[in-house]
Amino acid sequence: MMQKFCLPIRVYVEDTDAGGIVYYANYLKYIERARTELIRTFGFDKPALFGGLQFVVHSLSVKYLQSAVLDDEIIATAEITRVTKTSFIVAQTVLKNNELLIDAEVKIVCISHDKKTPCAIPSNMLKKLQGGIVNIMRTNS
């Protein structure tokens, strides 16, 4: 049964500003990595480009609650919460010692690589994404 995907990350100097605090845009990189690795758990090694299709961020909502600093050990999470024919939504967080640093929701849309217009997610991938949400719902109940 699938649970929330967790990716451990260490904060390095390159992630921080002059004060040693993680630069806000780097949290987007952390959650991108967690989403990519979540998709890999479904057996798709190249989630950004898939047989003439691409998966792109359509929209993003982020709440920054606390900051991580140099050398912190943090966890980026990803959890599929909704799947449609052409898109899916991923609830994401970054945590430090089980404390919420950021809370995000990301909508990913499948588009044609050539036309850059929305198109259907391939059926084999759609089934796995839908299976992930069912398993997550069972885990949380």
# chains A, B, ... in the order shown; residues from 1 in each chain; ligands from 1
>>> residues_around(residues="A:Lys63", least_positions_apart="4", cutoff="12 Å", atoms="only C-alpha atoms", output="list in words")
Tyr24, Tyr27, Leu28, Ser67, Ala91, Gln92, Thr93, Val94, Leu100, Leu101, Ile102, Asp103, Ala104, Glu105 and Val106 of chain A
>>> closest_atom_pairs(of="stretch 49-84 of chain A", to="stretch 11-23 of chain A", cutoff="10 Å", atoms="only C-alpha atoms", output="Markdown table")
| residue | atom | partner | partner_atom | distance |
| --- | --- | --- | --- | --- |
| A:Ser67 | CA | A:Ile21 | CA | 6.6 |
| A:Ala68 | CA | A:Val22 | CA | 5.6 |
| A:Val69 | CA | A:Ile21 | CA | 4.4 |
| A:Leu70 | CA | A:Val11 | CA | 5.3 |
| A:Asp71 | CA | A:Val11 | CA | 4.8 |
| A:Asp72 | CA | A:Val11 | CA | 5.4 |
| A:Glu73 | CA | A:Val11 | CA | 6.5 |
| A:Ile74 | CA | A:Val11 | CA | 7.5 |
>>> write_last_selection(atoms="N, CA and C atoms", output="short mmCIF file (atom, residue, chain, number, x, y, z; two decimals), in the first residue's frame")
data_model
loop_
_atom_site.label_atom_id
_atom_site.label_comp_id
_atom_site.auth_asym_id
_atom_site.auth_seq_id
_atom_site.Cartn_x
_atom_site.Cartn_y
_atom_site.Cartn_z
N SER A 67 11.65 28.62 8.00
CA SER A 67 12.83 28.51 7.14
C SER A 67 13.74 27.36 7.55
N ALA A 68 14.34 26.75 6.56
CA ALA A 68 15.43 25.82 6.80
C ALA A 68 16.72 26.61 6.67
N VAL A 69 17.77 26.12 7.30
CA VAL A 69 19.06 26.80 7.26
C VAL A 69 20.16 25.82 6.88
N LEU A 70 21.32 26.39 6.62
CA LEU A 70 22.49 25.61 6.22
C LEU A 70 22.68 24.39 7.10
N ASP A 71 22.88 23.24 6.46
CA ASP A 71 23.18 21.94 7.06
C ASP A 71 21.97 21.25 7.68
N ASP A 72 20.78 21.84 7.60
CA ASP A 72 19.57 21.15 8.08
C ASP A 72 19.33 19.88 7.27
N GLU A 73 18.74 18.89 7.93
CA GLU A 73 18.22 17.72 7.25
C GLU A 73 16.72 17.94 7.14
N ILE A 74 16.21 17.96 5.90
CA ILE A 74 14.80 18.19 5.68
C ILE A 74 14.22 17.04 4.86
#
>>> atom_distance(atom1="atom CA of A:Ile111", atom2="atom CA of A:Gly132")
21.1 Å
>>> select_by_dssp(residues="stretch 10-117 of chain A", states="alpha helix (DSSP H)", output="ChimeraX atom specification")
/A:24-41
>>> write_last_selection(atoms="N, CA and C atoms", output="compact mmCIF listing (two decimals), in the first residue's frame")
# COMPACT_ATOMS: atom_id res chain seq x y z
N TYR A 24 14.01 31.05 -1.05
CA TYR A 24 12.64 30.56 -1.23
C TYR A 24 12.43 29.73 -2.49
N ALA A 25 13.08 30.07 -3.59
CA ALA A 25 12.88 29.33 -4.84
C ALA A 25 13.44 27.91 -4.77
N ASN A 26 14.37 27.67 -3.88
CA ASN A 26 14.96 26.34 -3.77
C ASN A 26 13.97 25.32 -3.21
N TYR A 27 12.97 25.77 -2.47
CA TYR A 27 11.94 24.84 -2.00
C TYR A 27 11.21 24.24 -3.20
N LEU A 28 11.05 25.02 -4.27
CA LEU A 28 10.40 24.51 -5.47
C LEU A 28 11.24 23.39 -6.10
N LYS A 29 12.56 23.53 -6.03
CA LYS A 29 13.44 22.47 -6.52
C LYS A 29 13.28 21.21 -5.67
N TYR A 30 13.18 21.39 -4.37
CA TYR A 30 13.03 20.24 -3.48
C TYR A 30 11.75 19.48 -3.77
N ILE A 31 10.64 20.21 -3.92
CA ILE A 31 9.38 19.50 -4.16
C ILE A 31 9.33 18.92 -5.58
N GLU A 32 10.02 19.55 -6.52
CA GLU A 32 10.13 18.97 -7.88
C GLU A 32 10.82 17.62 -7.82
N ARG A 33 11.89 17.54 -7.06
CA ARG A 33 12.62 16.27 -6.92
C ARG A 33 11.72 15.20 -6.31
N ALA A 34 10.96 15.57 -5.29
CA ALA A 34 10.07 14.60 -4.64
C ALA A 34 8.99 14.12 -5.61
N ARG A 35 8.42 15.04 -6.42
CA ARG A 35 7.41 14.62 -7.41
C ARG A 35 8.02 13.69 -8.44
N THR A 36 9.21 14.03 -8.92
CA THR A 36 9.88 13.19 -9.92
C THR A 36 10.14 11.80 -9.37
N GLU A 37 10.62 11.71 -8.14
CA GLU A 37 10.91 10.41 -7.55
C GLU A 37 9.62 9.63 -7.26
N LEU A 38 8.55 10.33 -6.90
CA LEU A 38 7.25 9.67 -6.72
C LEU A 38 6.84 9.00 -8.03
N ILE A 39 6.94 9.71 -9.14
CA ILE A 39 6.57 9.16 -10.44
C ILE A 39 7.46 7.97 -10.80
N ARG A 40 8.72 8.03 -10.42
CA ARG A 40 9.62 6.90 -10.65
C ARG A 40 9.14 5.65 -9.92
N THR A 41 8.52 5.81 -8.75
CA THR A 41 8.03 4.64 -8.01
C THR A 41 6.93 3.92 -8.76
>>> select_by_dssp(residues="chain A", states="strand (DSSP E)", output="JSON, numbers by chain")
{"A": [5, 6, 7, 8, 9, 10, 49, 50, 53, 54, 55, 56, 57, 58, 59, 60, 61, 62, 63, 64, 73, 74, 75, 76, 77, 78, 79, 80, 81, 82, 83, 87, 88, 89, 90, 91, 92, 93, 94, 95, 96, 99, 100, 101, 102, 103, 104, 105, 106, 107, 108, 109, 110, 111, 112]}
>>> residues_around(residues="A:Thr81", least_positions_apart="2", cutoff="8 Å", atoms="only C-alpha atoms", output="PyMOL selection string")
chain A and resi 79+83+88-91+133
>>> write_last_selection(atoms="N, CA and C atoms", output="mmCIF file, in the first residue's frame")
data_model
loop_
_atom_site.group_PDB
_atom_site.id
_atom_site.type_symbol
_atom_site.label_atom_id
_atom_site.label_comp_id
_atom_site.auth_asym_id
_atom_site.auth_seq_id
_atom_site.Cartn_x
_atom_site.Cartn_y
_atom_site.Cartn_z
ATOM 1 N N GLU A 79 2.339 13.625 -2.510
ATOM 2 C CA GLU A 79 1.185 12.751 -2.349
ATOM 3 C C GLU A 79 0.130 13.137 -3.391
ATOM 4 N N VAL A 83 -6.764 12.975 -9.615
ATOM 5 C CA VAL A 83 -6.332 12.608 -10.965
ATOM 6 C C VAL A 83 -7.506 12.812 -11.918
ATOM 7 N N PHE A 88 -3.050 15.867 -12.890
ATOM 8 C CA PHE A 88 -3.125 15.351 -11.518
ATOM 9 C C PHE A 88 -2.605 16.418 -10.564
ATOM 10 N N ILE A 89 -3.075 16.327 -9.336
ATOM 11 C CA ILE A 89 -2.691 17.287 -8.300
ATOM 12 C C ILE A 89 -1.878 16.558 -7.245
ATOM 13 N N VAL A 90 -0.798 17.216 -6.832
ATOM 14 C CA VAL A 90 0.103 16.645 -5.834
ATOM 15 C C VAL A 90 0.166 17.590 -4.637
ATOM 16 N N ALA A 91 -0.157 17.066 -3.459
ATOM 17 C CA ALA A 91 0.026 17.810 -2.212
ATOM 18 C C ALA A 91 1.468 17.588 -1.788
ATOM 19 N N ILE A 133 -3.634 7.243 -5.652
ATOM 20 C CA ILE A 133 -4.562 8.033 -4.838
ATOM 21 C C ILE A 133 -5.456 7.125 -4.006
#
>>> residues_around(residues="A:Thr84", least_positions_apart="4", cutoff="10 Å", atoms="only C-alpha atoms", output="list of chain:residue names")
A:Phe88, A:Ile89, A:Val109, A:Ala120, A:Ile121, A:Leu126, A:Leu129, A:Gln130
>>> decode(residues="stretch 17-86 of chain A", atoms="C-alpha atoms", output="tab-separated table (two decimals), in the first residue's frame")
chain	number	residue	atom	x	y	z
A	17	ASP	CA	21.30	33.18	0.83
A	18	ALA	CA	24.06	35.25	2.47
A	19	GLY	CA	22.43	34.70	5.87
A	20	GLY	CA	22.49	30.91	5.62
A	21	ILE	CA	18.70	30.66	5.12
A	22	VAL	CA	17.31	28.54	2.27
A	23	TYR	CA	16.39	30.82	-0.64
A	24	TYR	CA	12.64	30.56	-1.23
A	25	ALA	CA	12.88	29.33	-4.84
A	26	ASN	CA	14.96	26.34	-3.77
A	27	TYR	CA	11.94	24.84	-2.00
A	28	LEU	CA	10.40	24.51	-5.47
A	29	LYS	CA	13.44	22.47	-6.52
A	30	TYR	CA	13.03	20.24	-3.48
A	31	ILE	CA	9.38	19.50	-4.16
A	32	GLU	CA	10.13	18.97	-7.88
A	33	ARG	CA	12.62	16.27	-6.92
A	34	ALA	CA	10.07	14.60	-4.64
A	35	ARG	CA	7.41	14.62	-7.41
A	36	THR	CA	9.88	13.19	-9.92
A	37	GLU	CA	10.91	10.41	-7.55
A	38	LEU	CA	7.25	9.67	-6.72
A	39	ILE	CA	6.57	9.16	-10.44
A	40	ARG	CA	9.62	6.90	-10.65
A	41	THR	CA	8.03	4.64	-8.01
A	42	PHE	CA	5.27	3.98	-10.56
A	43	GLY	CA	7.88	2.72	-13.04
A	44	PHE	CA	8.24	5.84	-15.22
A	45	ASP	CA	11.92	6.81	-15.45
A	46	LYS	CA	11.49	9.97	-17.54
A	47	PRO	CA	8.41	11.74	-16.17
A	48	ALA	CA	9.11	15.07	-17.89
A	49	LEU	CA	9.10	13.60	-21.43
A	50	PHE	CA	7.04	10.50	-22.13
A	51	GLY	CA	6.50	9.26	-25.71
A	52	GLY	CA	5.84	12.66	-27.33
A	53	LEU	CA	4.12	13.98	-24.23
A	54	GLN	CA	5.32	16.27	-21.48
A	55	PHE	CA	4.17	16.78	-17.91
A	56	VAL	CA	4.32	20.45	-16.96
A	57	VAL	CA	3.40	22.51	-13.93
A	58	HIS	CA	0.09	24.25	-14.64
A	59	SER	CA	-0.32	25.99	-11.29
A	60	LEU	CA	1.26	26.09	-7.89
A	61	SER	CA	0.22	27.32	-4.48
A	62	VAL	CA	2.85	27.56	-1.74
A	63	LYS	CA	2.67	28.68	1.88
A	64	TYR	CA	6.05	29.43	3.45
A	65	LEU	CA	5.77	28.88	7.20
A	66	GLN	CA	9.30	28.45	8.53
A	67	SER	CA	12.83	28.51	7.14
A	68	ALA	CA	15.43	25.82	6.80
A	69	VAL	CA	19.06	26.80	7.26
A	70	LEU	CA	22.49	25.61	6.22
A	71	ASP	CA	23.18	21.94	7.06
A	72	ASP	CA	19.57	21.15	8.08
A	73	GLU	CA	18.22	17.72	7.25
A	74	ILE	CA	14.80	18.19	5.68
A	75	ILE	CA	12.20	15.96	4.05
A	76	ALA	CA	10.30	16.84	0.84
A	77	THR	CA	7.04	14.93	0.46
A	78	ALA	CA	4.67	14.23	-2.44
A	79	GLU	CA	1.19	12.75	-2.35
A	80	ILE	CA	-1.25	12.48	-5.27
A	81	THR	CA	-4.63	13.84	-4.21
A	82	ARG	CA	-6.59	14.08	-7.47
A	83	VAL	CA	-6.33	12.61	-10.96
A	84	THR	CA	-8.23	13.62	-14.11
A	85	LYS	CA	-7.92	12.52	-17.73
A	86	THR	CA	-5.32	15.24	-18.48
